[in-house]
file upload.csv (CSV, C-alpha atoms and all ligand atoms)
chain,number,residue,atom,x,y,z
A,1,ALA,CA,-1.8,-38.2,5.5
A,2,VAL,CA,-2.4,-35.5,2.9
A,3,PRO,CA,-5.1,-36.5,0.5
A,4,LEU,CA,-3.8,-37.0,-3.0
A,5,VAL,CA,-5.9,-34.3,-4.6
A,6,VAL,CA,-4.6,-31.7,-2.2
A,7,ALA,CA,-1.0,-32.8,-2.7
A,8,VAL,CA,-1.5,-32.5,-6.5
A,9,SER,CA,-3.1,-29.1,-6.1
A,10,THR,CA,-0.4,-27.7,-3.9
A,11,ALA,CA,2.1,-29.0,-6.5
A,12,LEU,CA,0.0,-27.2,-9.2
A,13,ALA,CA,-0.1,-24.1,-6.9
A,14,ALA,CA,3.7,-24.1,-6.6
A,15,LYS,CA,3.9,-24.3,-10.4
A,16,SER,CA,1.7,-21.3,-10.8
A,17,GLY,CA,3.8,-19.3,-8.4
A,18,LEU,CA,1.9,-19.7,-5.2
A,19,LEU,CA,3.4,-20.6,-1.8
A,20,ILE,CA,0.8,-22.1,0.4
A,21,ARG,CA,1.7,-21.7,4.0
A,22,ASP,CA,-1.6,-22.7,5.5
A,23,ARG,CA,-3.6,-25.5,3.9
A,24,SER,CA,-6.9,-24.8,5.7
A,25,ALA,CA,-6.8,-21.2,4.4
A,26,PHE,CA,-6.3,-22.6,0.9
A,27,GLU,CA,-9.4,-24.7,1.5
A,28,ASN,CA,-11.4,-21.6,2.7
A,29,ALA,CA,-10.4,-19.8,-0.5
A,30,ARG,CA,-13.1,-21.7,-2.5
A,31,SER,CA,-15.9,-19.9,-0.6
A,32,LEU,CA,-14.5,-16.3,-0.7
A,33,GLN,CA,-17.1,-13.6,-1.3
A,34,ALA,CA,-14.8,-10.5,-1.1
A,35,VAL,CA,-11.2,-9.6,-1.7
A,36,VAL,CA,-9.7,-6.5,0.0
A,37,PHE,CA,-6.5,-5.3,-1.7
A,38,ASP,CA,-4.0,-2.9,-0.2
A,39,LYS,CA,-3.2,-0.2,-2.7
A,40,THR,CA,0.5,0.7,-2.6
A,41,GLY,CA,2.8,-2.1,-3.6
A,42,THR,CA,-0.2,-4.5,-4.2
A,43,LEU,CA,-2.5,-3.0,-6.8
A,44,THR,CA,0.2,-0.6,-7.8
A,45,GLU,CA,3.9,-1.3,-8.3
A,46,GLY,CA,4.9,0.8,-5.3
A,47,ARG,CA,7.8,2.4,-7.3
A,48,PHE,CA,7.2,6.1,-6.6
A,49,GLY,CA,8.9,8.9,-8.5
A,50,VAL,CA,8.7,12.6,-7.6
A,51,THR,CA,6.8,14.4,-10.3
A,52,ASP,CA,6.2,17.9,-8.8
A,53,ILE,CA,7.5,20.1,-6.0
A,54,VAL,CA,5.5,23.1,-5.0
A,55,PRO,CA,7.3,25.6,-2.7
A,56,LEU,CA,5.1,26.9,0.1
A,57,GLY,CA,7.7,29.0,1.9
A,58,PRO,CA,11.2,30.4,1.5
A,59,MET,CA,12.8,27.1,0.3
A,60,ASP,CA,13.3,26.3,-3.4
A,61,GLU,CA,12.5,23.0,-5.1
A,62,ASN,CA,15.9,21.4,-4.6
A,63,GLY,CA,16.1,22.6,-1.0
A,64,ILE,CA,12.7,21.0,-0.3
A,65,LEU,CA,13.6,17.7,-2.0
A,66,GLY,CA,17.0,17.7,-0.3
A,67,MET,CA,15.7,18.1,3.2
A,68,ALA,CA,12.8,15.6,2.6
A,69,ALA,CA,15.3,13.1,1.2
A,70,SER,CA,17.7,13.6,4.1
A,71,LEU,CA,15.0,12.8,6.5
A,72,GLU,CA,13.4,9.9,4.5
A,73,SER,CA,16.7,8.1,4.2
A,74,GLY,CA,15.9,6.7,7.6
A,75,SER,CA,12.5,5.3,6.5
A,76,GLU,CA,11.6,2.0,4.8
A,77,HIS,CA,8.4,3.3,3.4
A,78,LEU,CA,7.9,3.2,-0.4
A,79,ILE,CA,7.2,6.9,-0.5
A,80,ALA,CA,10.6,7.5,1.3
A,81,ALA,CA,12.4,5.3,-1.3
A,82,GLY,CA,10.8,7.4,-4.1
A,83,ILE,CA,11.9,10.7,-2.5
A,84,VAL,CA,15.5,9.5,-1.8
A,85,LYS,CA,15.9,8.0,-5.3
A,86,SER,CA,14.6,11.2,-7.0
A,87,ALA,CA,17.0,13.4,-4.9
A,88,LYS,CA,20.0,11.2,-5.7
A,89,GLU,CA,19.2,11.1,-9.4
A,90,ILE,CA,19.8,14.9,-9.6
A,91,GLY,CA,22.9,14.7,-7.4
A,92,ILE,CA,21.6,16.2,-4.2
A,93,ILE,CA,23.9,15.4,-1.3
A,94,LEU,CA,21.9,14.2,1.8
A,95,LYS,CA,22.4,15.6,5.2
A,96,PRO,CA,22.5,13.5,8.4
A,97,ALA,CA,19.3,13.6,10.4
A,98,ALA,CA,19.2,13.1,14.2
A,99,GLY,CA,16.4,11.7,16.3
A,100,PHE,CA,14.7,10.1,13.3
A,101,ARG,CA,11.2,8.8,14.1
A,102,ALA,CA,8.4,7.3,12.0
A,103,ILE,CA,4.8,8.2,12.8
A,104,PRO,CA,2.9,5.2,11.4
A,105,GLY,CA,0.5,6.0,8.7
A,106,LYS,CA,1.3,9.7,8.9
A,107,GLY,CA,5.0,10.4,8.1
A,108,VAL,CA,8.4,10.9,9.5
A,109,GLU,CA,10.2,13.4,11.8
A,110,GLY,CA,13.8,14.3,12.6
A,111,THR,CA,16.3,17.1,13.3
A,112,ILE,CA,18.6,18.6,10.7
A,113,ASP,CA,20.9,21.6,11.5
A,114,GLY,CA,19.1,22.2,14.8
A,115,LYS,CA,15.6,22.4,13.2
A,116,THR,CA,12.8,19.9,13.3
A,117,TYR,CA,11.7,18.6,10.0
A,118,MET,CA,8.7,16.4,9.1
A,119,VAL,CA,7.4,14.8,5.9
A,120,VAL,CA,3.8,14.1,6.5
A,121,SER,CA,0.4,13.2,4.9
A,122,PRO,CA,-2.3,15.7,4.0
A,123,GLY,CA,-4.3,14.1,6.8
A,124,TYR,CA,-1.6,15.0,9.4
A,125,LEU,CA,-1.9,18.7,8.3
A,126,LYS,CA,-5.6,18.6,8.7
A,127,GLU,CA,-5.3,17.0,12.1
A,128,LYS,CA,-2.9,19.8,13.3
A,129,ASN,CA,-4.8,22.6,11.5
A,130,ILE,CA,-1.8,23.5,9.4
A,131,GLU,CA,-2.8,25.5,6.3
A,132,ALA,CA,-0.9,24.7,3.1
A,133,SER,CA,-3.1,25.5,0.2
A,134,ASN,CA,-1.8,26.5,-3.2
A,135,GLU,CA,-3.6,26.7,-6.6
A,136,LYS,CA,-1.2,24.2,-8.2
A,137,MET,CA,-2.1,21.6,-5.7
A,138,GLY,CA,-5.7,21.1,-7.0
A,139,ASP,CA,-4.5,20.0,-10.4
A,140,ILE,CA,-1.9,17.6,-8.9
A,141,ARG,CA,-4.5,16.0,-6.7
A,142,GLU,CA,-6.9,15.5,-9.7
A,143,GLN,CA,-4.1,13.6,-11.4
A,144,GLY,CA,-4.3,10.9,-8.7
A,145,LYS,CA,-0.9,11.6,-7.3
A,146,THR,CA,0.3,11.0,-3.8
A,147,VAL,CA,1.1,14.3,-2.0
A,148,VAL,CA,3.3,14.7,1.1
A,149,TYR,CA,4.4,17.9,2.8
A,150,LEU,CA,7.8,19.0,4.2
A,151,LEU,CA,7.4,21.0,7.4
A,152,GLU,CA,10.2,23.0,9.1
A,153,ASP,CA,9.4,23.6,12.8
A,154,GLU,CA,5.7,22.9,12.0
A,155,LYS,CA,5.6,25.4,9.1
A,156,PRO,CA,4.9,24.1,5.6
A,157,MET,CA,7.9,24.5,3.3
A,158,GLY,CA,6.7,22.6,0.3
A,159,ALA,CA,4.5,19.9,-1.2
A,160,ILE,CA,6.0,16.9,-3.0
A,161,ALA,CA,3.9,15.0,-5.4
A,162,LEU,CA,4.7,11.4,-6.3
A,163,ALA,CA,3.3,9.1,-9.0
A,164,ASP,CA,3.0,5.4,-8.7
A,165,VAL,CA,2.0,3.0,-11.5
A,166,ILE,CA,-1.0,0.6,-11.3
A,167,ARG,CA,0.2,-2.9,-12.0
A,168,LYS,CA,-1.0,-3.9,-15.5
A,169,GLU,CA,-2.2,-7.2,-14.1
A,170,SER,CA,-4.5,-5.6,-11.5
A,171,ARG,CA,-7.2,-4.6,-14.0
A,172,GLU,CA,-7.6,-8.2,-15.2
A,173,ALA,CA,-7.5,-9.6,-11.7
A,174,VAL,CA,-10.4,-7.3,-10.6
A,175,ALA,CA,-12.4,-8.0,-13.7
A,176,ARG,CA,-12.2,-11.7,-13.3
A,177,LEU,CA,-13.0,-11.7,-9.6
A,178,LYS,CA,-16.1,-9.5,-10.3
A,179,GLN,CA,-17.1,-12.0,-13.0
A,180,MET,CA,-17.0,-14.7,-10.4
A,181,GLY,CA,-19.3,-12.6,-8.2
A,182,ILE,CA,-16.6,-11.7,-5.8
A,183,LYS,CA,-16.6,-8.1,-4.4
A,184,CYS,CA,-13.3,-6.2,-4.9
A,185,MET,CA,-12.3,-3.6,-2.4
A,186,MET,CA,-9.3,-1.5,-1.6
A,187,LEU,CA,-7.8,-0.4,1.8
A,188,THR,CA,-5.2,2.3,1.9
A,189,GLY,CA,-3.6,4.9,4.1
A,190,ASP,CA,-3.2,7.2,1.2
A,191,ASN,CA,-5.6,10.1,0.7
A,192,ARG,CA,-9.1,9.9,-0.7
A,193,SER,CA,-8.4,11.5,-4.2
A,194,VAL,CA,-5.6,9.0,-4.9
A,195,ALA,CA,-7.7,6.1,-3.7
A,196,LYS,CA,-10.7,7.2,-5.8
A,197,HIS,CA,-8.5,7.5,-8.9
A,198,VAL,CA,-7.2,3.9,-8.5
A,199,ALA,CA,-10.6,2.6,-7.6
A,200,ASP,CA,-12.2,4.2,-10.7
A,201,GLU,CA,-9.3,3.0,-13.0
A,202,LEU,CA,-9.8,-0.6,-11.8
A,203,GLY,CA,-13.6,-0.6,-11.4
A,204,LEU,CA,-13.4,-1.6,-7.7
A,205,ASP,CA,-16.7,-2.1,-5.9
A,206,GLU,CA,-15.6,-0.2,-2.8
A,207,TYR,CA,-12.6,1.6,-1.3
A,208,PHE,CA,-11.5,2.8,2.2
A,209,ALA,CA,-9.0,5.6,2.2
A,210,GLU,CA,-6.9,7.4,4.9
A,211,VAL,CA,-7.1,4.3,7.0
A,212,LEU,CA,-4.4,4.3,9.7
A,213,PRO,CA,-2.3,1.2,10.2
A,214,HIS,CA,-4.1,0.2,13.5
A,215,GLU,CA,-7.5,0.6,11.9
A,216,LYS,CA,-6.9,-1.8,9.0
A,217,VAL,CA,-7.9,-4.8,11.2
A,218,ASN,CA,-11.2,-3.3,12.1
A,219,LYS,CA,-12.0,-2.6,8.5
A,220,ILE,CA,-11.5,-6.3,7.7
A,221,LYS,CA,-13.7,-7.2,10.7
A,222,GLU,CA,-16.4,-4.9,9.3
A,223,VAL,CA,-16.3,-6.5,5.9
A,224,GLN,CA,-16.4,-9.9,7.5
A,225,GLU,CA,-19.8,-9.1,9.0
A,226,LYS,CA,-21.1,-9.5,5.4
A,227,TYR,CA,-18.6,-11.5,3.5
A,228,ARG,CA,-16.0,-14.2,3.7
A,229,VAL,CA,-12.9,-12.2,2.9
A,230,ALA,CA,-9.4,-12.4,1.7
A,231,MET,CA,-6.9,-9.6,2.3
A,232,VAL,CA,-4.0,-9.1,-0.1
A,233,GLY,CA,-1.1,-6.9,1.0
A,234,ASP,CA,2.6,-6.3,1.1
A,235,GLY,CA,3.4,-3.9,4.0
A,236,ILE,CA,4.3,-4.2,7.6
A,237,ASN,CA,1.1,-2.3,8.3
A,238,ASP,CA,-1.0,-4.9,6.4
A,239,ALA,CA,0.2,-7.8,8.6
A,240,PRO,CA,-2.5,-7.7,11.3
A,241,ALA,CA,-5.2,-7.4,8.6
A,242,LEU,CA,-3.7,-10.5,6.8
A,243,VAL,CA,-4.0,-12.4,10.0
A,244,GLN,CA,-7.5,-11.3,10.6
A,245,ALA,CA,-8.8,-12.1,7.1
A,246,ASP,CA,-10.3,-15.5,6.4
A,247,VAL,CA,-7.5,-15.9,3.8
A,248,GLY,CA,-4.3,-13.7,4.1
A,249,ILE,CA,-2.4,-13.3,0.9
A,250,ALA,CA,1.0,-11.5,0.7
A,251,ILE,CA,2.8,-10.2,-2.4
A,252,GLY,CA,6.1,-12.0,-2.7
A,253,ALA,CA,8.2,-8.9,-3.0
A,254,GLY,CA,6.5,-7.5,0.1
A,255,THR,CA,8.0,-7.1,3.6
A,256,ASP,CA,9.1,-10.1,5.6
A,257,VAL,CA,6.4,-9.3,8.2
A,258,ALA,CA,3.6,-9.4,5.6
A,259,ILE,CA,4.9,-12.8,4.2
A,260,GLU,CA,5.2,-14.3,7.7
A,261,SER,CA,1.6,-13.2,8.5
A,262,ALA,CA,0.1,-14.6,5.3
A,263,ASP,CA,-1.5,-18.0,4.6
A,264,ILE,CA,-0.5,-17.8,0.9
A,265,VAL,CA,2.3,-15.9,-0.8
A,266,LEU,CA,2.1,-14.7,-4.4
A,267,VAL,CA,5.7,-15.5,-5.5
A,268,GLY,CA,5.2,-13.8,-8.9
A,269,ASN,CA,3.8,-10.5,-7.4
A,270,ASP,CA,0.8,-10.9,-9.8
A,271,PRO,CA,-2.6,-10.0,-8.4
A,272,ARG,CA,-4.2,-12.3,-11.0
A,273,GLU,CA,-2.8,-15.2,-8.9
A,274,VAL,CA,-5.6,-14.4,-6.4
A,275,VAL,CA,-8.0,-15.7,-9.0
A,276,ASP,CA,-5.9,-18.8,-9.5
A,277,ILE,CA,-6.0,-19.5,-5.8
A,278,ILE,CA,-9.8,-19.4,-5.8
A,279,VAL,CA,-10.2,-21.5,-8.9
A,280,LEU,CA,-7.6,-24.1,-7.7
A,281,SER,CA,-9.2,-24.3,-4.3
A,282,ARG,CA,-12.7,-24.8,-5.8
A,283,ARG,CA,-11.4,-27.5,-8.1
A,284,THR,CA,-9.5,-29.3,-5.3
A,285,TYR,CA,-12.1,-29.4,-2.7
A,286,THR,CA,-15.1,-30.0,-4.8
A,287,LYS,CA,-13.4,-33.1,-6.2
A,288,MET,CA,-13.0,-34.4,-2.7
A,289,VAL,CA,-16.7,-34.4,-1.6
A,301,LIG,P1,-0.3,2.6,2.6
A,301,LIG,O1,0.8,1.6,2.9
A,301,LIG,O2,-1.7,2.2,2.6
A,301,LIG,O3,0.0,3.5,1.4
A,301,LIG,P2,0.6,4.0,5.1
A,301,LIG,O4,-0.3,3.7,6.2
A,301,LIG,O5,2.0,3.4,5.1
A,301,LIG,O6,-0.2,3.7,3.8
A,301,LIG,O7,0.8,5.6,4.9
A,301,LIG,C1,-0.3,6.4,4.8
A,301,LIG,C2,0.2,7.8,4.5
A,301,LIG,O8,1.0,8.3,5.5
A,301,LIG,C3,1.0,7.9,3.2
A,301,LIG,O9,0.1,7.9,2.0
A,301,LIG,C4,1.7,9.2,3.4
A,301,LIG,O10,0.9,10.3,3.2
A,301,LIG,C5,2.1,9.1,4.9
A,301,LIG,N1,3.4,8.5,5.2
A,301,LIG,C6,3.6,7.3,5.8
A,301,LIG,N2,4.9,7.0,5.9
A,301,LIG,C7,5.5,8.1,5.3
A,301,LIG,C8,6.9,8.4,5.0
A,301,LIG,N3,7.9,7.7,5.3
A,301,LIG,N4,7.1,9.6,4.3
A,301,LIG,C9,6.1,10.4,4.0
A,301,LIG,N5,4.8,10.1,4.2
A,301,LIG,C10,4.5,9.0,4.8
A,302,MG,MG,1.3,-1.6,0.5
call {"tool": "encode", "arguments": {"input": "upload.csv", "output": "structure tokens"}}
result
Amino acid sequence: AVPLVVAVSTALAAKSGLLIRDRSAFENARSLQAVVFDKTGTLTEGRFGVTDIVPLGPMDENGILGMAASLESGSEHLIAAGIVKSAKEIGIILKPAAGFRAIPGKGVEGTIDGKTYMVVSPGYLKEKNIEASNEKMGDIREQGKTVVYLLEDEKPMGAIALADVIRKESREAVARLKQMGIKCMMLTGDNRSVAKHVADELGLDEYFAEVLPHEKVNKIKEVQEKYRVAMVGDGINDAPALVQADVGIAIGAGTDVAIESADIVLVGNDPREVVDIIVLSRRTYTKMV
């Protein structure tokens, strides 16, 4: 039988917008020492909009956006959604892409009009030794924007900068967790300057940037050597890390895979609910002993 206090607490949890899928994880939440947040879609809203396009070859801005959007219409990534939305807003007609392929944590690839196009991360360019520097890019990076590159047959055609918004609840969530003596960290596949910007804004204790999807689990294991840890995420690529963490927490608006991998779901998409979980867990399980 379920003890009365637990039953009452899960009812309370439901009322505050939490879906508890694993009761023992909820119990573990009382002794958490660190919370690792995913960035995009978790600490931020994940609603990207294109803010700048910098030509790096013969294509003009609309050409760059059009090709990138044509390719990205095959992707489910939040960056892809931002590029497609921005192209459609200015009436660009998308072209069909053949042989679409996602490169996890790096970008996308496909063929349009017989040429190979890619939209990729700065890390991918570095890895392939592709030079794509431009004066304007420095400023954009300092503004904490996410930058991706359009390549045509491996040659850089342009850079696309996108801005996302930090959830207004994230700041309070981090401040309250730190007050409780819990370390706040961030794990992201995005580049270091964007990560630093968000980490500084929120006052995070630590952050890990340019982490490839398959490396996220190992980062959690590393943190677990020192702390009992919760992972909070929304994406397909967060799912293994959610399973690995002592407590896996998914954003309700996240992907199905993340929700299915989590112990607790934040139905309200509010990172402050992570604090509620810990408080509620402490109250519930200290009453029982
Ligand atoms: P996260 O979910 O932590 O933001 P991902 O691992 O999904 O990170 O992606 C890491 C990086 O890979 C992105 O910041 C971007 O540079 C690149 N990337 C991934 N998918 C795409 C895509 N569909 N289009 C463009 N870039 C992408
Ligand atoms: Mg995410």
call {"tool": "residues_near_ligand", "arguments": {"input": "upload.csv", "ligand": "ligand MG 302 (chain A)", "cutoff": "10 Å", "atoms": "only C-alpha atoms and all ligand atoms", "output": "PyMOL selection string"}}
result
chain A and resi 37-46+77-78+187-190+232-238+250-251+254-255+258
call {"tool": "write_last_selection", "arguments": {"input": "upload.csv", "atoms": "C-alpha atoms", "output": "mmCIF file, in the coordinates of the input"}}
result
data_model
loop_
_atom_site.group_PDB
_atom_site.id
_atom_site.type_symbol
_atom_site.label_atom_id
_atom_site.label_comp_id
_atom_site.auth_asym_id
_atom_site.auth_seq_id
_atom_site.Cartn_x
_atom_site.Cartn_y
_atom_site.Cartn_z
ATOM 1 C CA PHE A 37 -6.500 -5.300 -1.700
ATOM 2 C CA ASP A 38 -4.000 -2.900 -0.200
ATOM 3 C CA LYS A 39 -3.200 -0.200 -2.700
ATOM 4 C CA THR A 40 0.500 0.700 -2.600
ATOM 5 C CA GLY A 41 2.800 -2.100 -3.600
ATOM 6 C CA THR A 42 -0.200 -4.500 -4.200
ATOM 7 C CA LEU A 43 -2.500 -3.000 -6.800
ATOM 8 C CA THR A 44 0.200 -0.600 -7.800
ATOM 9 C CA GLU A 45 3.900 -1.300 -8.300
ATOM 10 C CA GLY A 46 4.900 0.800 -5.300
ATOM 11 C CA HIS A 77 8.400 3.300 3.400
ATOM 12 C CA LEU A 78 7.900 3.200 -0.400
ATOM 13 C CA LEU A 187 -7.800 -0.400 1.800
ATOM 14 C CA THR A 188 -5.200 2.300 1.900
ATOM 15 C CA GLY A 189 -3.600 4.900 4.100
ATOM 16 C CA ASP A 190 -3.200 7.200 1.200
ATOM 17 C CA VAL A 232 -4.000 -9.100 -0.100
ATOM 18 C CA GLY A 233 -1.100 -6.900 1.000
ATOM 19 C CA ASP A 234 2.600 -6.300 1.100
ATOM 20 C CA GLY A 235 3.400 -3.900 4.000
ATOM 21 C CA ILE A 236 4.300 -4.200 7.600
ATOM 22 C CA ASN A 237 1.100 -2.300 8.300
ATOM 23 C CA ASP A 238 -1.000 -4.900 6.400
ATOM 24 C CA ALA A 250 1.000 -11.500 0.700
ATOM 25 C CA ILE A 251 2.800 -10.200 -2.400
ATOM 26 C CA GLY A 254 6.500 -7.500 0.100
ATOM 27 C CA THR A 255 8.000 -7.100 3.600
ATOM 28 C CA ALA A 258 3.600 -9.400 5.600
#
call {"tool": "atom_distance", "arguments": {"input": "upload.csv", "atom1": "atom CA of A:Asp270", "atom2": "atom CA of A:Gly49"}}
result
21.4 Å
call {"tool": "closest_residue", "arguments": {"input": "upload.csv", "among": "A:Glu210, A:Glu169, A:Asp52, A:Glu135", "to": "ligand LIG 301 (chain A)", "atoms": "only C-alpha atoms and all ligand atoms"}}
result
A:Glu210
call {"tool": "residues_around", "arguments": {"input": "upload.csv", "residues": "A:Glu225", "least_positions_apart": "5", "cutoff": "12 Å", "atoms": "only C-alpha atoms", "output": "PyMOL selection string"}}
result
chain A and resi 33-34+218-220+245-246
call {"tool": "write_last_selection", "arguments": {"input": "upload.csv", "atoms": "C-alpha atoms", "output": "PDB file, keeping the file's coordinate frame"}}
result
ATOM      1  CA  GLN A  33     -17.100 -13.600  -1.300  1.00  0.00           C
ATOM      2  CA  ALA A  34     -14.800 -10.500  -1.100  1.00  0.00           C
ATOM      3  CA  ASN A 218     -11.200  -3.300  12.100  1.00  0.00           C
ATOM      4  CA  LYS A 219     -12.000  -2.600   8.500  1.00  0.00           C
ATOM      5  CA  ILE A 220     -11.500  -6.300   7.700  1.00  0.00           C
ATOM      6  CA  ALA A 245      -8.800 -12.100   7.100  1.00  0.00           C
ATOM      7  CA  ASP A 246     -10.300 -15.500   6.400  1.00  0.00           C
TER       8      ASP A 246
END
call {"tool": "closest_residue", "arguments": {"input": "upload.csv", "among": "A:Thr146, A:Asn62, A:Thr116, A:Ser170", "to": "A:Val274", "atoms": "only C-alpha atoms"}}
result
A:Ser170
call {"tool": "closest_residue", "arguments": {"input": "upload.csv", "among": "A:Glu222, A:Glu109, A:Asp256, A:Asp22", "to": "ligand LIG 301 (chain A)", "atoms": "all atoms listed in the file"}}
result
A:Glu109
call {"tool": "residues_near_point", "arguments": {"input": "upload.csv", "point": "(-11.6, 3.1, -1.2)", "cutoff": "8 Å", "atoms": "all atoms listed in the file", "output": "VMD selection string"}}
result
chain A and resid 185 to 188 192 195 to 196 199 206 to 209
call {"tool": "axis_aligned_box", "arguments": {"input": "upload.csv", "around": "ligand LIG 301 (chain A)", "padding_each_side": "5 Å", "output": "JSON"}}
result
{"center_x": 3.1, "center_y": 6.0, "center_z": 3.8, "size_x": 19.6, "size_y": 18.8, "size_z": 14.8}
call {"tool": "residues_around", "arguments": {"input": "upload.csv", "residues": "A:Ile264", "least_positions_apart": "2", "cutoff": "9 Å", "atoms": "only C-alpha atoms", "output": "ChimeraX atom specification"}}
result
/A:18-23,25-26,247-251,259,262,266,277
call {"tool": "atom_distance", "arguments": {"input": "upload.csv", "atom1": "atom CA of A:Glu131", "atom2": "atom P1 of ligand LIG 301 (chain A)"}}
result
23.3 Å
call {"tool": "atom_distance", "arguments": {"input": "upload.csv", "atom1": "atom CA of A:Gly252", "atom2": "atom CA of A:Glu273"}}
result
11.3 Å
call {"tool": "closest_residue", "arguments": {"input": "upload.csv", "among": "A:Gly158, A:Val229, A:Ala163, A:Val217", "to": "A:Val194", "atoms": "only C-alpha atoms"}}
result
A:Ala163
call {"tool": "closest_residue", "arguments": {"input": "upload.csv", "among": "A:Ile140, A:Leu150, A:Val174, A:Val265", "to": "A:Leu125", "atoms": "all atoms listed in the file"}}
result
A:Leu150
call {"tool": "closest_residue", "arguments": {"input": "upload.csv", "among": "A:Ile112, A:Val119, A:Val279, A:Ile182", "to": "ligand LIG 301 (chain A)", "atoms": "all atoms listed in the file"}}
result
A:Val119
call {"tool": "decode", "arguments": {"input": "upload.csv", "residues": "stretch 220-260 of chain A", "atoms": "C-alpha atoms", "output": "PDB file, in the first residue's frame"}}
result
ATOM      1  CA  ILE A 220      26.342  13.232 -15.737  1.00  0.00           C
ATOM      2  CA  LYS A 221      28.457  10.293 -14.534  1.00  0.00           C
ATOM      3  CA  GLU A 222      31.348  12.695 -13.867  1.00  0.00           C
ATOM      4  CA  VAL A 223      29.135  14.992 -11.812  1.00  0.00           C
ATOM      5  CA  GLN A 224      27.772  11.934  -9.964  1.00  0.00           C
ATOM      6  CA  GLU A 225      31.276  11.170  -8.685  1.00  0.00           C
ATOM      7  CA  LYS A 226      30.841  14.202  -6.425  1.00  0.00           C
ATOM      8  CA  TYR A 227      27.137  14.847  -6.101  1.00  0.00           C
ATOM      9  CA  ARG A 228      23.710  13.264  -6.112  1.00  0.00           C
ATOM     10  CA  VAL A 229      22.359  14.811  -9.266  1.00  0.00           C
ATOM     11  CA  ALA A 230      19.160  15.672 -11.091  1.00  0.00           C
ATOM     12  CA  MET A 231      19.148  16.272 -14.850  1.00  0.00           C
ATOM     13  CA  VAL A 232      16.505  18.546 -16.355  1.00  0.00           C
ATOM     14  CA  GLY A 233      15.994  18.418 -20.133  1.00  0.00           C
ATOM     15  CA  ASP A 234      13.598  18.472 -23.049  1.00  0.00           C
ATOM     16  CA  GLY A 235      15.338  16.978 -26.061  1.00  0.00           C
ATOM     17  CA  ILE A 236      15.810  13.576 -27.652  1.00  0.00           C
ATOM     18  CA  ASN A 237      19.516  13.948 -26.971  1.00  0.00           C
ATOM     19  CA  ASP A 238      18.893  14.538 -23.243  1.00  0.00           C
ATOM     20  CA  ALA A 239      17.057  11.210 -22.829  1.00  0.00           C
ATOM     21  CA  PRO A 240      20.047   8.992 -21.904  1.00  0.00           C
ATOM     22  CA  ALA A 241      21.260  11.640 -19.424  1.00  0.00           C
ATOM     23  CA  LEU A 242      17.781  11.773 -17.843  1.00  0.00           C
ATOM     24  CA  VAL A 243      17.942   8.014 -17.331  1.00  0.00           C
ATOM     25  CA  GLN A 244      21.494   8.173 -15.915  1.00  0.00           C
ATOM     26  CA  ALA A 245      20.804  10.948 -13.394  1.00  0.00           C
ATOM     27  CA  ASP A 246      19.596  10.099  -9.873  1.00  0.00           C
ATOM     28  CA  VAL A 247      16.472  12.080 -10.711  1.00  0.00           C
ATOM     29  CA  GLY A 248      15.499  12.676 -14.364  1.00  0.00           C
ATOM     30  CA  ILE A 249      13.181  15.616 -14.933  1.00  0.00           C
ATOM     31  CA  ALA A 250      11.609  16.478 -18.306  1.00  0.00           C
ATOM     32  CA  ILE A 251      10.054  19.725 -19.466  1.00  0.00           C
ATOM     33  CA  GLY A 252       6.409  18.984 -20.305  1.00  0.00           C
ATOM     34  CA  ALA A 253       6.607  20.691 -23.690  1.00  0.00           C
ATOM     35  CA  GLY A 254       9.667  18.606 -24.522  1.00  0.00           C
ATOM     36  CA  THR A 255       9.977  15.668 -26.883  1.00  0.00           C
ATOM     37  CA  ASP A 256       8.120  12.393 -26.181  1.00  0.00           C
ATOM     38  CA  VAL A 257      11.429  10.580 -25.802  1.00  0.00           C
ATOM     39  CA  ALA A 258      12.556  12.940 -23.031  1.00  0.00           C
ATOM     40  CA  ILE A 259       9.212  12.589 -21.222  1.00  0.00           C
ATOM     41  CA  GLU A 260       9.296   8.807 -21.437  1.00  0.00           C
TER      42      GLU A 260
END
